[in-house]
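Student: Following this message is one structure expressed as structure tokens.
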Amino acid sequence: MTEVLSNISPPPGAVASISDASPVHYTVKIELFSLLAKNAVEKYETGVFEAGGYTWKLVLYPSGNKSRNVKDYISLYLAKVDASSLPLGWEVHVIFRLFLLDQNKDSYLVIQDAAGQERRFHGLKLEWGFDQFIQLSTFNDSRYGFLLEDTCVLGAEVFVRRERSRGKGEVLSMIKQPTAAFKHTWKIENFLKLDEKRQESQTFSSASEKWKILLYPKGKDFGMGTHLSLYLAVDLETLPAGCRLYADYTLRIVNQVKDRKLDLSAKAKHWFGASRSESGWTRYVSLDYIYQPNNAYVIKDICIIEAEVNVLGISSPF
């Protein structure tokens with residue numbers, strides 16, 4: 001039977017008790033605990049254990065979780081392991097208890113959320129626990145028995161209350177400092193002999209993404225018969241299912257004789273994905289204009305088209 005500790009303050013939002021029973025799911029014994037801090041071990045992750053049909057681990061910050069500005073405390077958390085193997089949109093609601101052995105009395109200090117509060121683990125939240133698990137001054141005080149002969153024992157119990165797979169979701173990751181735009185040049189020979197069939201450039205890469213230029217020599221849709229149509233398309237065969245790319249791109253037809261400032265250039269931004277894999281212009285340039293020899297866009301039956309692509313963001317499902 002447990003009794004409430006009266007001389008140790010629990011972490012905010014938590015309750016403390018003592019128990020004669022050992023933790024049923026996992027125990028870790030740490031010898032020469034002081035050497036963790038001396039050797040600049042800021043974080044220690046235990047081995048994996050199973051509870052409630054799921055895999056878990058403990059995450060210990062022996063001098064406090066600096067990323068949360070914790071000082072003078074030990075931080076201890078429960079973390080979900082192998083989340084990528086779970087169904088899309090998974091959620092696991094658990095009640096967990098973290099243990100610290102009082103070696104003087106052979107009993108455990110038990111810390112858990114107040115009022116038996118459940119914690120929801122999911123793809124965006126894989127860790128719960130206590131920034132201020134126990135004050136270091138208390139932990140190091142031999143009268144409490146938590147650290148004797150530089151050795152301590154921690155543990156955990158995890159009880160799954162309910163679980164479910166929820167609807168689809170996504171993660172949008174904008175790129176803070178995009179790399180320089182990738183440029184691809186497509187040299188099209190026998191350009192004047194092309195009919196209305198769609199032409200595709202070779203696939204080219206921009207970082208980990210693959211693209212191609214689409215050309216309709218005699219136009220498409222509203223440009224049919226009067227304009228050249230030009231598009232950029234993402235390669236769906238290499239794009240992970242459900243992913244979308246936000247890209248800043250430029251397509252241009254090169255002026256082969258005169259100043260490059262006379263290139264026919266167009267710039268746009270677009271979300272590329274399975275439902276909208278291409279973006280561009282049905283009326284990129286009139287056929288009369290591009291075929292005019294003096295304009296120097298088709299020389300010796302060759303047309304040169306360039307593409308520049310810069311990915312600014314990625315949306316991925318979870």
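Chain labels A, B, ... are given in the sequence in which chains occur in the structure tokens; within each chain residues are numbered consecutively from 1, and ligands are likewise numbered from 1 in the order shown.
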Please identify all polymer residues within 7 Å of Ser279 (chain A), counting only C-alpha atoms, omitting same-chain residues fewer than 3 positions from it, and present them as a PyMOL selection string.
Tutor: chain A and resi 231-233+270
Student: Atoms to include: C-alpha atoms. Write the selected residues as a compact mmCIF listing (two decimals), in the first residue's frame.
Tutor:
```txt
# COMPACT_ATOMS: atom_id res chain seq x y z
CA TYR A 231 5.23 23.52 -68.41
CA LEU A 232 7.32 22.23 -65.53
CA ALA A 233 6.26 18.85 -64.09
CA HIS A 270 3.26 26.32 -57.51
```
Student: Compile the contact shell of Val153 (chain A) as a list in words: residues with an atom at most 7 Å away, counting only C-alpha atoms, same-chain residues fewer than 6 positions apart removed.
Tutor: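 What passes the distance filter is Thr27, Val28, Lys29, Ile30, Leu100 and Leu101 of chain A.
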Student: Keeping only C-alpha atoms, take the residues you just selected and write them out as a PDB file, in the first residue's frame.
Tutor:
```pdb
ATOM      1  CA  THR A  27      14.071  -0.927 -14.293  1.00  0.00           C
ATOM      2  CA  VAL A  28      17.438   0.672 -14.984  1.00  0.00           C
ATOM      3  CA  LYS A  29      20.363   0.742 -12.550  1.00  0.00           C
ATOM      4  CA  ILE A  30      22.947   3.470 -13.085  1.00  0.00           C
ATOM      5  CA  LEU A 100      13.175   6.211  -8.135  1.00  0.00           C
ATOM      6  CA  LEU A 101      14.439   3.738  -5.525  1.00  0.00           C
TER       7      LEU A 101
END
```
Student: Tell me, as a PyMOL selection string, which residues lie within 6 Å of region 36-47 of chain A, counting only C-alpha atoms; anything in the same chain fewer than 5 positions away does not count.
Tutor: chain A and resi 57-61
Student: Between A:Gln103, A:Leu86, A:Glu163, A:Gln132, single out the one closest to Arg119 (chain A), counting only C-alpha atoms.
Tutor: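 Looking at the shortest contact to Arg119 (chain A), the residue is A:Glu163.
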Student: Take CA of Ala115 (chain A) and CA of Gly155 (chain A) and report the distance between them in Å, one decimal.
Tutor: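 CA of Gly155 (chain A) lies 20.4 Å from CA of Ala115 (chain A).
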Student: Pick out the residues sitting within 7 Å of Val15 (chain A), and hand them over as number ranges by chain; count only C-alpha atoms, and ignore anything fewer than 3 positions along from it in its own chain.
Tutor: A: 10, 111-114
Student: Atoms to include: C-alpha atoms. Write the selected residues as a compact mmCIF listing (two decimals), in the first residue's frame.
Tutor:
```txt
# COMPACT_ATOMS: atom_id res chain seq x y z
CA PRO A 10 6.44 16.66 -6.75
CA ILE A 111 5.91 10.32 -9.75
CA GLN A 112 2.84 10.48 -11.99
CA ASP A 113 0.46 13.03 -13.45
CA ALA A 114 -2.14 14.35 -11.03
```
Student: Kindly indicate which residue among A:Trp186, A:Phe96, A:Trp90, A:Trp281 lies nearest to Arg164 (chain A), using only C-alpha atoms for the distances.
Tutor: A:Trp90
Student: As a list in words, please: the residues near Phe146 (chain A) (cut-off 9 Å, only C-alpha atoms, same-chain neighbours under 4 positions excluded).
Tutor: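 That gives Leu100, Leu101, Asp102, Gln103, Asn104, Leu109, Thr138, Phe139, Asn140, Asp141, Ser142, Thr151, Cys152 and Val153 of chain A.
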Student: With distances taken over only C-alpha atoms, which residue among A:Leu98, A:Arg276, A:Ile213, A:Ser286 lies nearest Ala16 (chain A)?
Tutor: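 Of all the options, A:Leu98 lies closest to Ala16 (chain A).
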Student: At what distance in Å, to one decimal, does CA of Val110 (chain A) lie from CA of Ser17 (chain A)?
Tutor: 5.2 Å
Student: Which residue is closest to Val254 (chain A)? Choose from A:Arg120, A:Ala296, A:Ser206, A:Gly13 and count only C-alpha atoms.
Tutor: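 Among the listed residues, A:Ala296 lies closest to Val254 (chain A).
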Student: Would you mind reading off the distance between CA of Glu50 (chain A) and CA of Ala83 (chain A), one decimal, in Å?
Tutor: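 These atoms are spaced 13.3 Å apart.
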Student: Within 10 Å of Val158 (chain A), counting only C-alpha atoms, which residues show up once you throw out same-chain ones fewer than 5 positions away? Write them as an MDAnalysis selection string, please.
Tutor: chainID A and resid 23:26 50:52 54 56 78 94:98
Student: Can I get the selected residues back with C-alpha atoms, as a PDB file, in the first residue's frame?
Tutor:
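Contents of out_11.pdb, freshly written:
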```pdb
ATOM      1  CA  PRO A  23       8.036  -1.196 -11.280  1.00  0.00           C
ATOM      2  CA  VAL A  24       6.427  -3.925 -13.368  1.00  0.00           C
ATOM      3  CA  HIS A  25       7.606  -2.860 -16.816  1.00  0.00           C
ATOM      4  CA  TYR A  26      11.197  -1.580 -16.684  1.00  0.00           C
ATOM      5  CA  GLU A  50       7.404  -3.377 -24.117  1.00  0.00           C
ATOM      6  CA  ALA A  51       4.232  -2.404 -22.293  1.00  0.00           C
ATOM      7  CA  GLY A  52       0.610  -2.540 -23.425  1.00  0.00           C
ATOM      8  CA  TYR A  54       3.866  -0.930 -27.646  1.00  0.00           C
ATOM      9  CA  TRP A  56       8.999   2.514 -25.063  1.00  0.00           C
ATOM     10  CA  LEU A  78       8.796   8.340 -21.248  1.00  0.00           C
ATOM     11  CA  VAL A  94      -1.539   6.060 -21.495  1.00  0.00           C
ATOM     12  CA  ILE A  95      -1.169   6.520 -17.764  1.00  0.00           C
ATOM     13  CA  PHE A  96       2.447   6.111 -16.729  1.00  0.00           C
ATOM     14  CA  ARG A  97       4.416   6.207 -13.496  1.00  0.00           C
ATOM     15  CA  LEU A  98       8.132   6.873 -13.089  1.00  0.00           C
TER      16      LEU A  98
END
```
Student: With distances taken over only C-alpha atoms, which residue among A:Thr179, A:Gln202, A:Ser265, A:Thr282 lies nearest Gly223 (chain A)?
Tutor: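 Among the listed residues, A:Thr282 lies closest to Gly223 (chain A).
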Student: Name the residues of region 3-152 of chain A that fall into helix (DSSP H, G or I) according to DSSP on the backbone, using the chain letters and numbers of this document, as a list in words.
Tutor: Ser34, Leu35, Leu36, Ala37, Lys38, Lys66, Ser67, Arg68, Ala83, Ser84, Ser85, Ala114, Ala115, Gly116, Leu136, Ser137, Thr138, Phe139 and Asn140 of chain A
Student: Of the candidates A:Gly280, A:Thr55, A:Phe182, A:Gly313, which shows the shortest atom-to-atom distance to Phe204 (chain A), using only C-alpha atoms?
Tutor: A:Phe182
